[in-house]
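File shown: work-v3.cif (mmCIF, C-alpha atoms, pLDDT in the B column; chains and numbers go by the auth columns).
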data_model
#
loop_
_atom_site.group_PDB
_atom_site.id
_atom_site.type_symbol
_atom_site.label_atom_id
_atom_site.label_comp_id
_atom_site.label_asym_id
_atom_site.label_seq_id
_atom_site.Cartn_x
_atom_site.Cartn_y
_atom_site.Cartn_z
_atom_site.B_iso_or_equiv
_atom_site.auth_seq_id
_atom_site.auth_asym_id
ATOM 1 C CA MET A 1 26.877 7.092 57.412 58.00 113 A
ATOM 2 C CA LYS A 2 27.524 4.103 55.153 63.00 114 A
ATOM 3 C CA ILE A 3 23.945 2.942 55.648 67.00 115 A
ATOM 4 C CA VAL A 4 22.577 6.371 54.674 56.00 116 A
ATOM 5 C CA LEU A 5 24.824 6.481 51.603 52.00 117 A
ATOM 6 C CA LEU A 6 23.775 2.966 50.611 51.00 118 A
ATOM 7 C CA PHE A 7 20.117 3.901 51.097 55.00 119 A
ATOM 8 C CA LEU A 8 20.548 6.989 48.866 47.00 120 A
ATOM 9 C CA LEU A 9 22.232 4.929 46.143 51.00 121 A
ATOM 10 C CA VAL A 10 19.425 2.358 46.202 54.00 122 A
ATOM 11 C CA LEU A 11 16.811 5.140 46.127 49.00 123 A
ATOM 12 C CA LEU A 12 18.538 6.823 43.172 52.00 124 A
ATOM 13 C CA GLY A 13 18.724 3.498 41.349 54.00 125 A
ATOM 14 C CA MET A 14 15.016 2.898 41.922 51.00 126 A
ATOM 15 C CA THR A 15 14.222 6.397 40.655 51.00 127 A
ATOM 16 C CA ASN A 16 16.236 5.771 37.481 49.00 128 A
ATOM 17 C CA VAL A 17 14.506 2.424 36.938 50.00 129 A
ATOM 18 C CA GLN A 18 11.079 4.074 37.396 52.00 130 A
ATOM 19 C CA ALA A 19 11.989 6.894 34.995 51.00 131 A
ATOM 20 C CA SER A 20 13.177 4.327 32.449 64.00 132 A
ATOM 21 C CA GLU A 21 9.970 2.292 32.831 68.00 133 A
ATOM 22 C CA ASP A 22 7.852 5.448 32.481 75.00 134 A
ATOM 23 C CA GLN A 23 9.724 6.403 29.307 76.00 135 A
ATOM 24 C CA GLN A 24 9.290 2.920 27.843 81.00 136 A
ATOM 25 C CA THR A 25 5.543 3.093 28.585 86.00 137 A
ATOM 26 C CA THR A 26 5.355 6.459 26.806 90.00 138 A
ATOM 27 C CA ASP A 27 7.400 5.131 23.882 95.00 139 A
ATOM 28 C CA GLN A 28 5.267 2.001 23.619 95.00 140 A
ATOM 29 C CA ALA A 29 2.087 4.111 23.502 95.00 141 A
ATOM 30 C CA ALA A 30 3.554 6.260 20.695 96.00 142 A
ATOM 31 C CA ILE A 31 4.480 3.170 18.686 97.00 143 A
ATOM 32 C CA GLU A 32 1.046 1.621 19.235 96.00 144 A
ATOM 33 C CA ARG A 33 -0.594 4.858 17.978 96.00 145 A
ATOM 34 C CA ALA A 34 1.490 4.681 14.801 96.00 146 A
ATOM 35 C CA VAL A 35 0.393 1.094 14.163 95.00 147 A
ATOM 36 C CA GLU A 36 -3.226 2.040 14.925 95.00 148 A
ATOM 37 C CA ASN A 37 -2.941 4.888 12.383 96.00 149 A
ATOM 38 C CA TRP A 38 -2.070 2.314 9.711 94.00 150 A
ATOM 39 C CA TYR A 39 -5.156 0.191 10.402 90.00 151 A
ATOM 40 C CA ALA A 40 -7.450 3.191 10.813 93.00 152 A
ATOM 41 C CA ALA A 41 -6.240 4.479 7.442 93.00 153 A
ATOM 42 C CA TRP A 42 -7.188 1.203 5.762 89.00 154 A
ATOM 43 C CA LYS A 43 -10.717 1.480 7.168 89.00 155 A
ATOM 44 C CA VAL A 44 -11.246 5.018 5.856 92.00 156 A
ATOM 45 C CA LYS A 45 -9.015 4.717 2.758 92.00 157 A
ATOM 46 C CA ASP A 46 -6.678 7.547 3.802 96.00 158 A
ATOM 47 C CA PRO A 47 -3.175 7.109 2.313 96.00 159 A
ATOM 48 C CA THR A 48 -1.860 10.215 4.088 97.00 160 A
ATOM 49 C CA LEU A 49 -2.816 8.797 7.489 97.00 161 A
ATOM 50 C CA ALA A 50 -1.344 5.408 6.525 96.00 162 A
ATOM 51 C CA ALA A 51 2.000 6.948 5.545 97.00 163 A
ATOM 52 C CA GLN A 52 2.351 9.677 8.162 97.00 164 A
ATOM 53 C CA ASP A 53 4.441 7.638 10.599 98.00 165 A
ATOM 54 C CA TYR A 54 7.086 6.550 8.065 98.00 166 A
ATOM 55 C CA SER A 55 10.451 8.246 7.823 98.00 167 A
ATOM 56 C CA ASP A 56 11.431 10.111 4.674 97.00 168 A
ATOM 57 C CA ASN A 57 13.662 7.182 3.687 97.00 169 A
ATOM 58 C CA ALA A 58 11.638 4.246 5.079 98.00 170 A
ATOM 59 C CA ASP A 59 11.608 1.033 3.099 97.00 171 A
ATOM 60 C CA TRP A 60 8.292 -0.775 2.665 97.00 172 A
ATOM 61 C CA THR A 61 7.457 -4.087 1.006 96.00 173 A
ATOM 62 C CA ASN A 62 3.990 -5.615 0.913 92.00 174 A
ATOM 63 C CA ALA A 63 2.976 -9.268 0.758 88.00 175 A
ATOM 64 C CA PHE A 64 2.837 -9.160 -3.048 86.00 176 A
ATOM 65 C CA GLY A 65 6.417 -7.951 -3.431 91.00 177 A
ATOM 66 C CA MET A 66 5.663 -4.311 -4.178 92.00 178 A
ATOM 67 C CA SER A 67 8.397 -2.141 -2.646 96.00 179 A
ATOM 68 C CA ARG A 68 8.736 1.568 -2.096 97.00 180 A
ATOM 69 C CA VAL A 69 11.255 3.812 -0.373 98.00 181 A
ATOM 70 C CA GLY A 70 10.234 6.946 1.494 97.00 182 A
ATOM 71 C CA ARG A 71 7.020 8.290 2.965 97.00 183 A
ATOM 72 C CA ALA A 72 6.016 10.101 -0.240 98.00 184 A
ATOM 73 C CA GLU A 73 6.407 7.004 -2.426 98.00 185 A
ATOM 74 C CA ILE A 74 4.590 4.824 0.108 97.00 186 A
ATOM 75 C CA GLU A 75 1.707 7.291 0.206 97.00 187 A
ATOM 76 C CA LYS A 76 1.611 7.458 -3.590 97.00 188 A
ATOM 77 C CA LEU A 77 1.338 3.669 -3.901 95.00 189 A
ATOM 78 C CA LEU A 78 -1.272 3.463 -1.138 95.00 190 A
ATOM 79 C CA THR A 79 -3.348 6.076 -2.988 96.00 191 A
ATOM 80 C CA GLU A 80 -3.495 3.635 -5.910 93.00 192 A
ATOM 81 C CA VAL A 81 -4.144 0.609 -3.678 90.00 193 A
ATOM 82 C CA PHE A 82 -6.950 2.304 -1.745 88.00 194 A
ATOM 83 C CA ALA A 83 -8.717 3.019 -5.041 90.00 195 A
ATOM 84 C CA LEU A 84 -8.977 -0.716 -5.834 81.00 196 A
ATOM 85 C CA PRO A 85 -12.354 -1.984 -4.537 75.00 197 A
ATOM 86 C CA PHE A 86 -11.300 -5.639 -4.563 66.00 198 A
ATOM 87 C CA VAL A 87 -8.314 -4.928 -2.304 68.00 199 A
ATOM 88 C CA MET A 88 -10.388 -2.864 0.086 65.00 200 A
ATOM 89 C CA ALA A 89 -13.095 -5.520 0.498 64.00 201 A
ATOM 90 C CA GLY A 90 -13.152 -7.398 3.786 67.00 202 A
ATOM 91 C CA ASP A 91 -12.242 -6.818 7.395 73.00 203 A
ATOM 92 C CA SER A 92 -9.032 -7.216 9.363 72.00 204 A
ATOM 93 C CA GLU A 93 -8.475 -8.227 12.955 77.00 205 A
ATOM 94 C CA THR A 94 -5.231 -7.932 14.878 75.00 206 A
ATOM 95 C CA VAL A 95 -4.492 -11.275 16.488 80.00 207 A
ATOM 96 C CA VAL A 96 -1.309 -10.423 18.367 88.00 208 A
ATOM 97 C CA GLN A 97 1.194 -7.607 18.577 91.00 209 A
ATOM 98 C CA ASP A 98 4.610 -7.702 20.189 95.00 210 A
ATOM 99 C CA ILE A 99 6.826 -4.667 20.736 96.00 211 A
ATOM 100 C CA ARG A 100 10.472 -5.257 21.593 96.00 212 A
ATOM 101 C CA PHE A 101 12.850 -2.459 22.405 96.00 213 A
ATOM 102 C CA VAL A 102 16.249 -3.360 20.980 95.00 214 A
ATOM 103 C CA LYS A 103 17.670 -0.100 22.318 94.00 215 A
ATOM 104 C CA SER A 104 16.052 2.952 23.870 93.00 216 A
ATOM 105 C CA ASP A 105 15.679 4.466 20.380 95.00 217 A
ATOM 106 C CA LEU A 106 15.033 1.312 18.315 97.00 218 A
ATOM 107 C CA ALA A 107 12.060 -1.057 18.456 97.00 219 A
ATOM 108 C CA LEU A 108 10.818 -4.078 16.515 97.00 220 A
ATOM 109 C CA VAL A 109 7.068 -4.555 16.202 97.00 221 A
ATOM 110 C CA LEU A 110 5.540 -7.800 14.999 95.00 222 A
ATOM 111 C CA THR A 111 1.809 -7.668 14.296 93.00 223 A
ATOM 112 C CA ARG A 112 -0.179 -10.676 13.139 92.00 224 A
ATOM 113 C CA VAL A 113 -3.453 -9.942 11.372 87.00 225 A
ATOM 114 C CA GLN A 114 -6.307 -12.054 10.003 85.00 226 A
ATOM 115 C CA ARG A 115 -8.249 -10.663 7.051 80.00 227 A
ATOM 116 C CA LYS A 116 -11.503 -12.075 5.707 79.00 228 A
ATOM 117 C CA GLY A 117 -13.519 -11.045 2.680 70.00 229 A
ATOM 118 C CA GLN A 118 -10.775 -9.624 0.482 73.00 230 A
ATOM 119 C CA ARG A 119 -11.196 -10.328 -3.228 76.00 231 A
ATOM 120 C CA ASN A 120 -8.976 -10.773 -6.258 74.00 232 A
ATOM 121 C CA PRO A 121 -9.298 -8.539 -9.357 78.00 233 A
ATOM 122 C CA THR A 122 -12.072 -10.753 -10.802 79.00 234 A
ATOM 123 C CA GLY A 123 -14.125 -10.417 -7.610 76.00 235 A
ATOM 124 C CA GLN A 124 -13.437 -13.905 -6.235 80.00 236 A
ATOM 125 C CA ASP A 125 -13.043 -14.168 -2.446 77.00 237 A
ATOM 126 C CA ILE A 126 -9.411 -15.101 -1.756 75.00 238 A
ATOM 127 C CA GLY A 127 -10.146 -16.712 1.594 77.00 239 A
ATOM 128 C CA GLN A 128 -8.728 -15.844 4.942 81.00 240 A
ATOM 129 C CA ARG A 129 -5.365 -14.116 4.853 83.00 241 A
ATOM 130 C CA ARG A 130 -2.957 -14.315 7.738 87.00 242 A
ATOM 131 C CA THR A 131 -0.452 -11.505 7.418 88.00 243 A
ATOM 132 C CA SER A 132 2.531 -10.600 9.524 92.00 244 A
ATOM 133 C CA HIS A 133 3.823 -7.058 9.676 94.00 245 A
ATOM 134 C CA LEU A 134 7.392 -6.590 10.830 96.00 246 A
ATOM 135 C CA ARG A 135 8.092 -2.933 11.494 97.00 247 A
ATOM 136 C CA VAL A 136 11.314 -1.326 12.648 98.00 248 A
ATOM 137 C CA PHE A 137 10.810 1.923 14.525 98.00 249 A
ATOM 138 C CA ALA A 138 13.535 4.451 15.264 98.00 250 A
ATOM 139 C CA LYS A 139 13.284 7.391 17.622 97.00 251 A
ATOM 140 C CA THR A 140 14.766 10.575 16.222 93.00 252 A
ATOM 141 C CA ASP A 141 14.463 13.957 17.918 92.00 253 A
ATOM 142 C CA GLY A 142 11.959 12.466 20.353 92.00 254 A
ATOM 143 C CA ASN A 143 9.644 11.095 17.656 95.00 255 A
ATOM 144 C CA TRP A 144 9.103 7.460 16.702 97.00 256 A
ATOM 145 C CA GLN A 145 9.016 6.718 12.979 98.00 257 A
ATOM 146 C CA ILE A 146 8.821 3.540 10.955 98.00 258 A
ATOM 147 C CA ILE A 147 12.085 3.024 9.088 98.00 259 A
ATOM 148 C CA SER A 148 11.235 -0.394 7.652 98.00 260 A
ATOM 149 C CA HIS A 149 7.997 -2.345 7.148 97.00 261 A
ATOM 150 C CA LEU A 150 7.804 -5.843 5.683 97.00 262 A
ATOM 151 C CA ILE A 151 4.433 -7.519 5.192 94.00 263 A
ATOM 152 C CA SER A 152 4.254 -11.266 4.656 93.00 264 A
ATOM 153 C CA ASP A 153 1.225 -13.360 3.801 88.00 265 A
ATOM 154 C CA ALA A 154 0.408 -16.959 4.740 81.00 266 A
ATOM 155 C CA ARG A 155 -2.638 -18.369 2.963 65.00 267 A
ATOM 156 C CA ASP A 156 -3.629 -21.951 2.419 62.00 268 A
ATOM 157 C CA THR A 157 -2.198 -22.935 -0.953 57.00 269 A
ATOM 158 C CA GLN A 158 -5.506 -24.516 -1.911 58.00 270 A
ATOM 159 C CA GLN A 159 -7.198 -21.126 -1.430 50.00 271 A
ATOM 160 C CA ALA A 160 -4.443 -19.092 -3.036 48.00 272 A
ATOM 161 C CA VAL A 161 -5.320 -17.286 -6.232 48.00 273 A
ATOM 162 C CA HIS A 162 -3.164 -18.193 -9.223 43.00 274 A
#

Go ahead and render the structure in this file as structure tokens.
Amino acid sequence: MKIVLLFLLVLLGMTNVQASEDQQTTDQAAIERAVENWYAAWKVKDPTLAAQDYSDNADWTNAFGMSRVGRAEIEKLLTEVFALPFVMAGDSETVVQDIRFVKSDLALVLTRVQRKGQRNPTGQDIGQRRTSHLRVFAKTDGNWQIISHLISDARDTQQAVH
């Protein structure tokens, strides 16, 4: 009897572990889609798509120190940014992305991106940019949303535009 009870406990534990792993896989896919939405939006210049995965009170700061709070304000700023041809020049490539679940409803996502061909306002190529995006995702009512997004930029100082 003890062996059967022990077997059932082990089986239940394995089932819970599998369910937890399945949920994390589902959650990771949802978070990856949100990040993909951001990059797809930059390619097609769609501020609504870029902002759709942010919470109503998300904080966002780009590599140039521009900050906004809330999905609507982020979308409004991105509408202006996407209209600037010099900003939109070039191509980006994701180098690495790491998703870490801090809790079952909280995740940190670090994405490193290389961008080539972007220009400054005078049209000069600014050289390769290496940006890091640190996003904090929270799961509320079964949906993952970005609650914070910080973008940093590491360029060679000799190539930096003054």

Name the residues in contact with range 153-161 of chain A at a cut-off of 6 Å, using all atoms listed in the file, excluding same-chain residues fewer than 3 positions from it; report them as a PyMOL selection string. chain A and resi 149-150+164+187+190-191+194

Of the candidates A:Ala266, A:Gln257, A:Ile238, A:Arg212, which shows the shortest atom-to-atom distance to Val225 in chain A, using only C-alpha atoms?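 That would be A:Ala266, the residue with the smallest distance to Val225 in chain A.
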
Please identify all polymer residues within 12 Å of Ala142 in chain A, counting only C-alpha atoms, omitting same-chain residues fewer than 3 positions from it, and present them as a list in words. Gln135, Gln136, Thr137, Thr138, Asp139, Arg145, Ala146, Val147, Glu148, Asn149, Asp165, Ile211, Ala219, Phe249, Ala250, Lys251, Gly254, Asn255, Trp256, Gln257 and Ile258 of chain A

List every protein, DNA or RNA residue that has at least one atom no more than 12 Å from (11.2, -1.6, -2.6) in the file's coordinates, counting only C-alpha atoms, and write the result as a list in words.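 Neighbouring residues, ordered by chain and number, come to Asn169, Ala170, Asp171, Trp172, Thr173, Asn174, Ala175, Phe176, Gly177, Met178, Ser179, Arg180, Val181, Gly182, Glu185, Ile186, Leu189, Ser260, His261, Leu262 and Ile263 of chain A.
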
Residue members of the PyMOL selection byres ((chain A and resi 244) around 8) in the file shown, as a PyMOL selection string: chain A and resi 222-225+242-243+245-246+263-265

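Note that CA of Val208 in chain A and CA of Gly239 in chain A are 20.0 Å apart.
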
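Taking CA of Gly229 in chain A and CA of Ile143 in chain A as the two end points, the separation is 28.0 Å.
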
CA of Asp168 in chain A to CA of Asp253 in chain A, distance in Å rounded to a single decimal: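 Computing the Euclidean distance for CA of Asp168 in chain A and CA of Asp253 in chain A yields 14.1 Å.
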
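With all atoms listed in the file as the atoms that count, the minimum distance from Ala184 in chain A to the choices A:Ala163, A:Thr252, A:Val207, A:Asn232 is reached by A:Ala163.
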
Supply range 225-246 of chain A as a tab-separated table (two decimals), in the frame of the given file, with N, CA, C and O atoms built in where the input has gaps.
chain	number	residue	atom	x	y	z
A	225	VAL	N	-2.11	-10.40	11.72
A	225	VAL	CA	-3.45	-9.94	11.37
A	225	VAL	C	-4.17	-11.03	10.58
A	225	VAL	O	-3.55	-11.69	9.73
A	226	GLN	N	-5.46	-11.18	10.83
A	226	GLN	CA	-6.31	-12.05	10.00
A	226	GLN	C	-7.25	-11.16	9.22
A	226	GLN	O	-7.84	-10.23	9.76
A	227	ARG	N	-7.37	-11.45	7.92
A	227	ARG	CA	-8.25	-10.66	7.05
A	227	ARG	C	-9.19	-11.61	6.32
A	227	ARG	O	-8.76	-12.59	5.73
A	228	LYS	N	-10.48	-11.28	6.37
A	228	LYS	CA	-11.50	-12.08	5.71
A	228	LYS	C	-12.28	-11.18	4.75
A	228	LYS	O	-12.51	-10.01	5.04
A	229	GLY	N	-12.66	-11.76	3.62
A	229	GLY	CA	-13.52	-11.04	2.68
A	229	GLY	C	-12.81	-10.28	1.58
A	229	GLY	O	-13.46	-9.65	0.75
A	230	GLN	N	-11.49	-10.31	1.56
A	230	GLN	CA	-10.78	-9.62	0.48
A	230	GLN	C	-10.99	-10.40	-0.82
A	230	GLN	O	-11.20	-11.61	-0.82
A	231	ARG	N	-10.92	-9.71	-1.93
A	231	ARG	CA	-11.20	-10.33	-3.23
A	231	ARG	C	-10.00	-10.15	-4.16
A	231	ARG	O	-9.15	-9.31	-3.94
A	232	ASN	N	-9.99	-10.95	-5.22
A	232	ASN	CA	-8.98	-10.77	-6.26
A	232	ASN	C	-9.55	-9.83	-7.32
A	232	ASN	O	-10.72	-9.42	-7.23
A	233	PRO	N	-8.80	-9.49	-8.35
A	233	PRO	CA	-9.30	-8.54	-9.36
A	233	PRO	C	-10.57	-8.98	-10.08
A	233	PRO	O	-11.33	-8.14	-10.57
A	234	THR	N	-10.85	-10.29	-10.14
A	234	THR	CA	-12.07	-10.75	-10.80
A	234	THR	C	-13.26	-10.79	-9.85
A	234	THR	O	-14.36	-11.16	-10.25
A	235	GLY	N	-13.04	-10.45	-8.58
A	235	GLY	CA	-14.12	-10.42	-7.61
A	235	GLY	C	-14.24	-11.66	-6.75
A	235	GLY	O	-15.09	-11.74	-5.86
A	236	GLN	N	-13.39	-12.66	-7.00
A	236	GLN	CA	-13.44	-13.90	-6.24
A	236	GLN	C	-12.85	-13.69	-4.84
A	236	GLN	O	-11.80	-13.08	-4.67
A	237	ASP	N	-13.53	-14.22	-3.82
A	237	ASP	CA	-13.04	-14.17	-2.45
A	237	ASP	C	-11.74	-14.97	-2.37
A	237	ASP	O	-11.69	-16.11	-2.83
A	238	ILE	N	-10.70	-14.41	-1.81
A	238	ILE	CA	-9.41	-15.10	-1.76
A	238	ILE	C	-9.22	-15.89	-0.47
A	238	ILE	O	-8.15	-16.45	-0.23
A	239	GLY	N	-10.25	-15.95	0.35
A	239	GLY	CA	-10.15	-16.71	1.59
A	239	GLY	C	-9.46	-15.91	2.68
A	239	GLY	O	-9.06	-14.76	2.48
A	240	GLN	N	-9.35	-16.53	3.81
A	240	GLN	CA	-8.73	-15.84	4.94
A	240	GLN	C	-7.24	-15.64	4.70
A	240	GLN	O	-6.53	-16.56	4.31
A	241	ARG	N	-6.80	-14.42	4.92
A	241	ARG	CA	-5.36	-14.12	4.85
A	241	ARG	C	-4.84	-13.99	6.27
A	241	ARG	O	-5.50	-13.44	7.14
A	242	ARG	N	-3.65	-14.48	6.47
A	242	ARG	CA	-2.96	-14.32	7.74
A	242	ARG	C	-1.66	-13.58	7.40
A	242	ARG	O	-0.75	-14.16	6.82
A	243	THR	N	-1.63	-12.31	7.74
A	243	THR	CA	-0.45	-11.50	7.42
A	243	THR	C	0.35	-11.20	8.68
A	243	THR	O	-0.20	-11.14	9.78
A	244	SER	N	1.62	-11.04	8.47
A	244	SER	CA	2.53	-10.60	9.52
A	244	SER	C	3.18	-9.31	9.06
A	244	SER	O	3.64	-9.22	7.92
A	245	HIS	N	3.19	-8.35	9.94
A	245	HIS	CA	3.82	-7.06	9.68
A	245	HIS	C	5.02	-6.94	10.61
A	245	HIS	O	4.85	-6.97	11.83
A	246	LEU	N	6.19	-6.82	10.04
A	246	LEU	CA	7.39	-6.59	10.83
A	246	LEU	C	7.82	-5.15	10.57
A	246	LEU	O	8.18	-4.80	9.43
